>>> print(open('model00.txt').read())   # compact mmCIF, C-alpha atoms
# COMPACT_ATOMS: atom_id res chain seq x y z
CA ASN Y 1 0.00 0.00 0.00
CA LEU Y 2 1.02 3.59 -0.62
CA ILE Y 3 -0.85 6.38 1.22
CA THR Y 4 -0.03 10.11 1.55
CA ASN Y 5 -1.81 13.00 3.26
CA THR Y 6 -1.16 15.78 0.74
CA GLY Y 7 1.76 14.64 -1.37
CA ASP Y 8 1.73 13.44 -4.95
CA ILE Y 9 2.30 9.80 -5.85
CA ASN Y 10 4.20 8.85 -9.02
CA ILE Y 11 4.60 5.22 -10.04
CA THR Y 12 6.44 4.07 -13.16
CA GLY Y 13 7.01 0.47 -14.21
CA VAL Y 14 8.62 -1.23 -17.18
CA GLY Y 15 8.18 -4.94 -17.84
CA PRO Y 16 11.14 -7.27 -18.40
CA THR Y 17 12.33 -7.99 -21.91
CA THR Y 18 13.02 -11.65 -21.19
CA GLY Y 19 10.62 -14.44 -20.35
CA SER Y 20 7.76 -16.19 -22.06
CA ASN Y 21 4.58 -14.48 -20.70
CA PHE Y 22 3.26 -11.70 -18.46
CA SER Y 23 5.94 -9.05 -18.95
CA THR Y 24 3.71 -6.54 -17.16
CA GLY Y 25 4.73 -2.93 -16.59
CA ILE Y 26 2.68 -2.47 -13.38
CA ASN Y 27 0.52 -5.09 -11.64
CA MET Y 28 -1.78 -3.97 -8.81
CA SER Y 29 -3.72 -6.82 -7.29
CA THR Y 30 -5.51 -7.97 -4.13
CA ALA Y 31 -5.60 -5.41 -1.30
CA THR Y 32 -3.47 -2.85 -3.15
CA ASN Y 33 -4.39 0.66 -1.93
CA ILE Y 34 -2.89 3.75 -3.58
CA GLN Y 35 -4.43 6.78 -1.87
CA SER Y 36 -3.70 10.52 -1.59
CA SER Y 37 -5.67 13.11 0.37
CA GLY Y 38 -5.48 16.08 -1.99
CA GLY Y 39 -2.37 15.11 -3.92
CA ASN Y 40 -2.22 13.77 -7.45
CA ILE Y 41 -1.59 10.17 -8.48
CA ASP Y 42 0.31 9.47 -11.70
CA ILE Y 43 0.81 5.86 -12.87
CA LYS Y 44 2.56 4.78 -16.07
CA GLY Y 45 3.30 1.19 -17.03
CA THR Y 46 5.04 -0.03 -20.15
CA ALA Y 47 5.01 -3.75 -20.84
CA GLY Y 48 8.10 -5.65 -21.87
CA ASN Y 49 8.47 -7.55 -25.11
CA SER Y 50 8.45 -11.31 -24.62
CA ILE Y 51 7.95 -14.34 -26.85
CA GLY Y 52 4.59 -15.10 -25.21
CA ASP Y 53 1.31 -13.40 -24.37
CA ASN Y 54 -0.32 -11.11 -21.78
CA ASN Y 55 2.37 -8.46 -21.93
CA LYS Y 56 0.23 -5.65 -20.52
CA GLY Y 57 1.18 -2.12 -19.59
CA VAL Y 58 -0.95 -1.76 -16.43
CA ILE Y 59 -3.16 -4.33 -14.68
CA ILE Y 60 -5.46 -3.25 -11.80
CA PHE Y 61 -7.60 -6.08 -10.42
CA ASP Y 62 -9.00 -8.13 -7.52
CA GLY Y 63 -10.27 -5.22 -5.41
CA ALA Y 64 -7.33 -2.86 -5.87
CA LEU Y 65 -8.17 0.77 -4.98
CA ILE Y 66 -6.63 3.93 -6.47
CA GLU Y 67 -8.15 7.02 -4.86
CA THR Y 68 -7.68 10.73 -4.28
CA THR Y 69 -9.82 13.13 -2.28
CA GLY Y 70 -10.30 16.90 -2.59
CA SER Y 71 -8.94 18.21 -5.88
CA GLY Y 72 -6.40 15.46 -6.40
CA THR Y 73 -6.26 14.01 -9.90
CA ILE Y 74 -5.50 10.50 -11.17
CA THR Y 75 -3.65 9.83 -14.43
CA ILE Y 76 -3.03 6.25 -15.57
CA GLU Y 77 -1.27 5.28 -18.81
CA GLY Y 78 -0.64 1.73 -19.97
CA ILE Y 79 1.31 0.70 -23.07
CA GLY Y 80 1.21 -2.93 -24.16
CA GLY Y 81 4.25 -4.87 -25.27
CA THR Y 82 4.82 -7.30 -28.11
CA GLY Y 83 4.69 -11.09 -28.16
CA THR Y 84 1.84 -13.31 -29.28
CA ASP Y 85 -1.69 -12.61 -27.97
CA ALA Y 86 -3.58 -10.37 -25.51
CA ASN Y 87 -0.96 -7.67 -25.11
CA TYR Y 88 -3.34 -5.00 -23.79
CA GLY Y 89 -2.35 -1.48 -22.96
CA LEU Y 90 -4.38 -1.39 -19.74
CA GLU Y 91 -6.73 -3.67 -17.83
CA ILE Y 92 -9.06 -2.70 -14.95
CA GLN Y 93 -10.47 -5.98 -13.74
CA THR Y 94 -12.66 -7.64 -11.12
CA ASN Y 95 -13.89 -5.28 -8.39
CA ALA Y 96 -11.10 -2.76 -8.96
CA ILE Y 97 -11.94 0.90 -8.26
CA VAL Y 98 -10.34 4.10 -9.56
CA LYS Y 99 -11.90 7.05 -7.73
CA THR Y 100 -11.51 10.79 -7.14
CA GLU Y 101 -13.65 13.48 -5.58
CA ASN Y 102 -13.30 16.81 -7.44
CA GLY Y 103 -10.14 15.95 -9.36
CA ASP Y 104 -10.17 14.69 -12.93
CA ILE Y 105 -9.40 11.10 -13.95
CA THR Y 106 -7.47 10.50 -17.19
CA ILE Y 107 -6.90 6.91 -18.32
CA GLU Y 108 -5.16 5.84 -21.54
CA GLY Y 109 -4.44 2.35 -22.82
CA SER Y 110 -2.59 1.55 -26.04
CA SER Y 111 -1.78 -1.75 -27.71
CA LEU Y 112 1.14 -1.67 -30.12
CA ASP Y 113 1.41 -5.31 -31.16
CA THR Y 114 0.10 -5.92 -34.68
CA ALA Y 115 0.84 -9.66 -34.62
CA GLY Y 116 -1.16 -12.34 -32.83
CA SER Y 117 -4.71 -11.71 -31.70
CA ASP Y 118 -6.78 -9.86 -29.09
CA GLN Y 119 -4.55 -6.80 -29.00
CA ILE Y 120 -6.98 -4.56 -27.07
CA GLY Y 121 -6.22 -0.99 -26.10
CA MET Y 122 -8.09 -1.10 -22.80
CA LEU Y 123 -10.32 -3.59 -20.97
CA VAL Y 124 -12.60 -2.34 -18.19
CA ASN Y 125 -14.42 -4.69 -15.83
CA GLY Y 126 -14.35 -2.43 -12.76
CA VAL Y 127 -15.48 1.02 -11.63
CA VAL Y 128 -14.08 4.44 -12.56
CA ASN Y 129 -15.81 7.10 -10.49
CA THR Y 130 -15.68 10.76 -9.46
CA THR Y 131 -17.91 11.47 -6.48
CA GLY Y 132 -17.77 15.28 -6.69
CA THR Y 133 -17.26 17.52 -9.73
CA GLY Y 134 -14.37 15.68 -11.36
CA ASN Y 135 -14.33 14.84 -15.07
CA ILE Y 136 -13.34 11.49 -16.56
CA SER Y 137 -11.48 10.96 -19.84
CA ILE Y 138 -11.00 7.39 -21.10
CA THR Y 139 -8.96 6.73 -24.26
CA GLY Y 140 -8.21 3.34 -25.78
CA THR Y 141 -6.15 2.65 -28.88
CA SER Y 142 -5.94 -0.82 -30.38
CA SER Y 143 -3.22 -1.97 -32.74
CA ALA Y 144 -5.67 -2.88 -35.52
CA ALA Y 145 -9.25 -2.20 -36.56
CA ASN Y 146 -10.43 -5.74 -35.74
CA TYR Y 147 -9.41 -5.42 -32.05
CA SER Y 148 -11.32 -3.40 -29.46
CA SER Y 149 -10.02 0.02 -28.62
CA ILE Y 150 -12.04 -0.19 -25.39
CA ASN Y 151 -13.79 -3.31 -24.12
CA LEU Y 152 -16.39 -2.75 -21.37
CA LEU Y 153 -16.52 -6.40 -20.40
CA SER Y 154 -19.67 -6.69 -18.25
CA SER Y 155 -22.46 -4.79 -16.53
CA GLY Y 156 -19.93 -4.24 -13.73
CA SER Y 157 -17.97 -1.92 -16.03
CA GLN Y 158 -19.14 1.44 -14.73
CA LEU Y 159 -17.88 4.90 -15.75
CA ASN Y 160 -19.52 7.45 -13.42
CA ALA Y 161 -18.48 11.12 -13.44
CA GLY Y 162 -19.76 13.93 -11.26
CA GLY Y 163 -18.58 16.22 -14.06
CA ASN Y 164 -18.24 15.35 -17.74
CA LEU Y 165 -17.32 12.01 -19.28
CA LEU Y 166 -15.32 11.63 -22.51
CA ILE Y 167 -14.78 8.17 -24.01
CA THR Y 168 -12.49 7.95 -27.04
CA GLY Y 169 -11.85 4.80 -29.04
CA ASN Y 170 -9.07 4.88 -31.64
CA THR Y 171 -8.46 2.38 -34.47
CA GLY Y 172 -10.78 -0.40 -33.26
CA PRO Y 173 -14.38 -0.34 -32.01
CA ILE Y 174 -15.72 0.22 -28.51
CA ASN Y 175 -17.29 -3.00 -27.23
CA THR Y 176 -20.04 -3.21 -24.63
CA PRO Y 177 -21.73 -6.40 -23.36
CA ASN Y 178 -24.38 -7.85 -25.65
CA GLY Y 179 -27.85 -6.89 -24.55
CA ILE Y 180 -26.66 -4.06 -22.29
CA SER Y 181 -27.11 -0.49 -23.48
CA ALA Y 182 -23.97 1.62 -23.30
CA GLN Y 183 -25.98 4.39 -21.65
CA THR Y 184 -26.57 2.18 -18.59
CA GLN Y 185 -22.79 1.99 -18.09
CA PHE Y 186 -22.14 5.74 -18.36
CA SER Y 187 -23.22 8.34 -15.83
CA ALA Y 188 -22.19 12.01 -15.99
CA ILE Y 189 -23.44 15.58 -16.39
CA ASN Y 190 -22.61 15.23 -20.09
CA THR Y 191 -21.29 12.14 -21.87
CA THR Y 192 -19.40 12.18 -25.17
CA VAL Y 193 -18.45 8.98 -26.98
CA ASP Y 194 -15.95 9.52 -29.80
CA GLY Y 195 -15.66 6.23 -31.64
CA VAL Y 196 -17.74 3.45 -33.11
CA LEU Y 197 -19.57 0.91 -30.98
CA ALA Y 198 -19.06 -2.55 -32.43
CA PRO Y 199 -21.85 -4.14 -34.54
CA GLY Y 200 -24.23 -6.14 -32.40
CA GLN Y 201 -23.42 -4.06 -29.36
CA SER Y 202 -25.29 -1.06 -28.00
CA PRO Y 203 -27.66 0.86 -30.30
CA CYS Y 204 -25.67 4.06 -30.81
CA LEU Y 205 -22.55 5.24 -32.63
CA LEU Y 206 -21.65 8.79 -31.69
CA TYR Y 207 -23.56 10.85 -29.18
CA THR Y 208 -23.29 13.75 -26.78
CA SER Y 209 -26.12 13.90 -24.31
CA PRO Y 210 -27.06 14.14 -20.65
CA SER Y 211 -26.47 10.82 -18.98
CA PRO Y 212 -29.16 8.69 -17.31
CA ARG Y 213 -28.67 10.30 -13.92
CA ASP Y 214 -30.10 13.56 -15.33
CA SER Y 215 -32.89 12.13 -17.45
>>> encode(input="model00.txt", output="structure tokens")
Amino acid sequence: NLITNTGDINITGVGPTTGSNFSTGINMSTATNIQSSGGNIDIKGTAGNSIGDNNKGVIIFDGALIETTGSGTITIEGIGGTGTDANYGLEIQTNAIVKTENGDITIEGSSLDTAGSDQIGMLVNGVVNTTGTGNISITGTSSAANYSSINLLSSGSQLNAGGNLLITGNTGPINTPNGISAQTQFSAINTTVDGVLAPGQSPCLLYTSPSPRDS
């Protein structure tokens, strides 16, 4: 755990360049708490290049918490490595929470590997939330058009902003769970989706509108 009262927190990780799998830049798992009361949190992970798969820039999962209060901001950037398959830029998984109060949240995930399969920019299966007036910006970039730029994996993928919410998908489509409207996963004063939702997913392409909490 890493907790400060007012100071900033900066974490940088680079994955190893040897090995067969899981050359992760930063891995935050069970019971990891990164918290600042008013300071900013900046996290950047760059995966290594291995001969295998799952070389991911940043993984946040299994109940990990990244949180600021007051006006503290959170910035997370994940850059995937090269190898075979599933070299995501960034993954926010089971029960993980990224949360601020009035500070903005900026999250970027980029996959660079054009070989193999499933080279997703960003996978979200947790909660990204601002409880006060903070804005949220989520940007995913896949390595090819047939891979998801952003994959909202389940109904547990929630993006809730007290301010504005901007979701940008580059190169590949934005995927949401089949049968679940994208609007039920977004909550903000205003929501802007810049990208294309994958065929068979939610019934909208580009929109800027008040989110469900204001309707």
>>> residues_near_point(input="model00.txt", point="(-19.5, 5.7, -11.2)", cutoff="7 Å", atoms="all atoms listed in the file", output="PyMOL selection string")
chain Y and resi 127-130+158-161+187
>>> closest_residue(input="model00.txt", among="Y:Thr94, Y:Asn125, Y:Asn55, Y:Asn102", to="Gly38 in chain Y", atoms="only C-alpha atoms")
Y:Asn102
>>> residues_around(input="model00.txt", residues="Ile167 in chain Y", least_positions_apart="6", cutoff="9 Å", atoms="all atoms listed in the file", output="list in words")
Ile136, Ser137, Ile138, Thr139, Gly140, Ile150, Thr191, Thr192, Val193, Asp194 and Gly195 of chain Y
>>> write_last_selection(input="model00.txt", atoms="C-alpha atoms", output="short mmCIF file (atom, residue, chain, number, x, y, z; two decimals), in the coordinates of the input")
data_model
loop_
_atom_site.label_atom_id
_atom_site.label_comp_id
_atom_site.auth_asym_id
_atom_site.auth_seq_id
_atom_site.Cartn_x
_atom_site.Cartn_y
_atom_site.Cartn_z
CA ILE Y 136 -13.34 11.49 -16.56
CA SER Y 137 -11.48 10.96 -19.84
CA ILE Y 138 -11.00 7.39 -21.10
CA THR Y 139 -8.96 6.73 -24.26
CA GLY Y 140 -8.21 3.34 -25.78
CA ILE Y 150 -12.04 -0.19 -25.39
CA THR Y 191 -21.29 12.14 -21.87
CA THR Y 192 -19.40 12.18 -25.17
CA VAL Y 193 -18.45 8.98 -26.98
CA ASP Y 194 -15.95 9.52 -29.80
CA GLY Y 195 -15.66 6.23 -31.64
#
>>> residues_around(input="model00.txt", residues="Ala96 in chain Y", least_positions_apart="3", cutoff="7 Å", atoms="all atoms listed in the file", output="list in words")
Ile60, Phe61, Asp62, Gly63, Ala64, Leu65, Ile92, Gln93, Gly126 and Val127 of chain Y
>>> atom_distance(input="model00.txt", atom1="CA of Asn10 in chain Y", atom2="CA of Asn40 in chain Y")
8.2 Å
>>> closest_residue(input="model00.txt", among="Y:Asn27, Y:Thr82, Y:Thr176, Y:Thr131", to="Ser155 in chain Y", atoms="all atoms listed in the file")
Y:Thr176
>>> atom_distance(input="model00.txt", atom1="CA of Val196 in chain Y", atom2="CA of Ile180 in chain Y")
15.9 Å
>>> atom_distance(input="model00.txt", atom1="CA of Ser23 in chain Y", atom2="CA of Ile76 in chain Y")
18.1 Å
>>> closest_residue(input="model00.txt", among="Y:Leu153, Y:Ala86, Y:Leu166, Y:Ile79", to="Asp104 in chain Y", atoms="all atoms listed in the file")
Y:Leu166
>>> residues_around(input="model00.txt", residues="Thr171 in chain Y", least_positions_apart="4", cutoff="8 Å", atoms="only C-alpha atoms", output="mmCIF file with C-alpha atoms, in the coordinates of the input")
data_model
loop_
_atom_site.group_PDB
_atom_site.id
_atom_site.type_symbol
_atom_site.label_atom_id
_atom_site.label_comp_id
_atom_site.auth_asym_id
_atom_site.auth_seq_id
_atom_site.Cartn_x
_atom_site.Cartn_y
_atom_site.Cartn_z
ATOM 1 C CA THR Y 141 -6.150 2.650 -28.880
ATOM 2 C CA SER Y 142 -5.940 -0.820 -30.380
ATOM 3 C CA SER Y 143 -3.220 -1.970 -32.740
ATOM 4 C CA ALA Y 144 -5.670 -2.880 -35.520
ATOM 5 C CA ALA Y 145 -9.250 -2.200 -36.560
ATOM 6 C CA SER Y 149 -10.020 0.020 -28.620
#
>>> residues_around(input="model00.txt", residues="range 111-113 of chain Y", least_positions_apart="4", cutoff="12 Å", atoms="only C-alpha atoms", output="VMD selection string")
chain Y and resid 46 to 58 77 to 91 117 to 123 139 to 145 147 to 150 170 to 172
>>> decode(input="model00.txt", residues="range 154-179 of chain Y", atoms="N, CA and C atoms", output="mmCIF file, in the first residue's frame")
data_model
loop_
_atom_site.group_PDB
_atom_site.id
_atom_site.type_symbol
_atom_site.label_atom_id
_atom_site.label_comp_id
_atom_site.auth_asym_id
_atom_site.auth_seq_id
_atom_site.Cartn_x
_atom_site.Cartn_y
_atom_site.Cartn_z
ATOM 1 N N SER Y 154 -18.438 -6.198 -18.871
ATOM 2 C CA SER Y 154 -19.668 -6.688 -18.252
ATOM 3 C C SER Y 154 -20.482 -5.518 -17.726
ATOM 4 N N SER Y 155 -21.633 -5.839 -17.133
ATOM 5 C CA SER Y 155 -22.459 -4.793 -16.526
ATOM 6 C C SER Y 155 -21.756 -4.155 -15.334
ATOM 7 N N GLY Y 156 -20.716 -4.811 -14.822
ATOM 8 C CA GLY Y 156 -19.930 -4.235 -13.731
ATOM 9 C C GLY Y 156 -18.948 -3.180 -14.182
ATOM 10 N N SER Y 157 -18.846 -2.977 -15.496
ATOM 11 C CA SER Y 157 -17.973 -1.922 -16.026
ATOM 12 C C SER Y 157 -18.725 -0.600 -15.957
ATOM 13 N N GLN Y 158 -18.412 0.209 -14.966
ATOM 14 C CA GLN Y 158 -19.144 1.445 -14.734
ATOM 15 C C GLN Y 158 -18.216 2.654 -14.810
ATOM 16 N N LEU Y 159 -18.612 3.645 -15.621
ATOM 17 C CA LEU Y 159 -17.880 4.901 -15.749
ATOM 18 C C LEU Y 159 -18.808 6.013 -15.277
ATOM 19 N N ASN Y 160 -18.593 6.509 -14.059
ATOM 20 C CA ASN Y 160 -19.516 7.449 -13.419
ATOM 21 C C ASN Y 160 -18.787 8.729 -13.042
ATOM 22 N N ALA Y 161 -19.149 9.838 -13.693
ATOM 23 C CA ALA Y 161 -18.484 11.119 -13.442
ATOM 24 C C ALA Y 161 -19.449 12.117 -12.828
ATOM 25 N N GLY Y 162 -18.988 12.818 -11.785
ATOM 26 C CA GLY Y 162 -19.763 13.930 -11.258
ATOM 27 C C GLY Y 162 -19.738 15.124 -12.187
ATOM 28 N N GLY Y 163 -18.693 15.203 -13.022
ATOM 29 C CA GLY Y 163 -18.584 16.218 -14.060
ATOM 30 C C GLY Y 163 -18.914 15.629 -15.414
ATOM 31 N N ASN Y 164 -18.024 15.837 -16.379
ATOM 32 C CA ASN Y 164 -18.238 15.350 -17.740
ATOM 33 C C ASN Y 164 -17.453 14.063 -17.980
ATOM 34 N N LEU Y 165 -17.944 13.277 -18.934
ATOM 35 C CA LEU Y 165 -17.318 12.006 -19.284
ATOM 36 C C LEU Y 165 -17.016 11.989 -20.777
ATOM 37 N N LEU Y 166 -15.745 11.741 -21.114
ATOM 38 C CA LEU Y 166 -15.324 11.627 -22.512
ATOM 39 C C LEU Y 166 -14.718 10.250 -22.720
ATOM 40 N N ILE Y 167 -15.267 9.498 -23.684
ATOM 41 C CA ILE Y 167 -14.778 8.166 -24.006
ATOM 42 C C ILE Y 167 -14.333 8.172 -25.462
ATOM 43 N N THR Y 168 -13.050 7.878 -25.690
ATOM 44 C CA THR Y 168 -12.492 7.948 -27.040
ATOM 45 C C THR Y 168 -11.910 6.602 -27.421
ATOM 46 N N GLY Y 169 -12.385 6.052 -28.526
ATOM 47 C CA GLY Y 169 -11.853 4.802 -29.041
ATOM 48 C C GLY Y 169 -11.151 5.032 -30.362
ATOM 49 N N ASN Y 170 -9.867 4.684 -30.426
ATOM 50 C CA ASN Y 170 -9.074 4.882 -31.635
ATOM 51 C C ASN Y 170 -8.741 3.546 -32.296
ATOM 52 N N THR Y 171 -8.783 3.521 -33.599
ATOM 53 C CA THR Y 171 -8.459 2.383 -34.473
ATOM 54 C C THR Y 171 -9.574 1.337 -34.440
ATOM 55 N N GLY Y 172 -9.748 0.635 -33.345
ATOM 56 C CA GLY Y 172 -10.776 -0.397 -33.258
ATOM 57 C C GLY Y 172 -12.045 0.110 -32.607
ATOM 58 N N PRO Y 173 -13.086 -0.738 -32.561
ATOM 59 C CA PRO Y 173 -14.381 -0.344 -32.014
ATOM 60 C C PRO Y 173 -14.399 -0.354 -30.488
ATOM 61 N N ILE Y 174 -15.417 0.285 -29.936
ATOM 62 C CA ILE Y 174 -15.716 0.215 -28.508
ATOM 63 C C ILE Y 174 -16.735 -0.902 -28.315
ATOM 64 N N ASN Y 175 -16.406 -1.867 -27.467
ATOM 65 C CA ASN Y 175 -17.292 -3.001 -27.231
ATOM 66 C C ASN Y 175 -17.979 -2.878 -25.878
ATOM 67 N N THR Y 176 -19.278 -3.122 -25.875
ATOM 68 C CA THR Y 176 -20.038 -3.210 -24.633
ATOM 69 C C THR Y 176 -20.718 -4.575 -24.595
ATOM 70 N N PRO Y 177 -21.137 -5.061 -23.430
ATOM 71 C CA PRO Y 177 -21.727 -6.400 -23.358
ATOM 72 C C PRO Y 177 -22.995 -6.515 -24.193
ATOM 73 N N ASN Y 178 -23.168 -7.612 -24.865
ATOM 74 C CA ASN Y 178 -24.375 -7.849 -25.647
ATOM 75 C C ASN Y 178 -25.613 -7.742 -24.767
ATOM 76 N N GLY Y 179 -26.595 -7.016 -25.263
ATOM 77 C CA GLY Y 179 -27.855 -6.890 -24.546
ATOM 78 C C GLY Y 179 -27.863 -5.819 -23.478
#
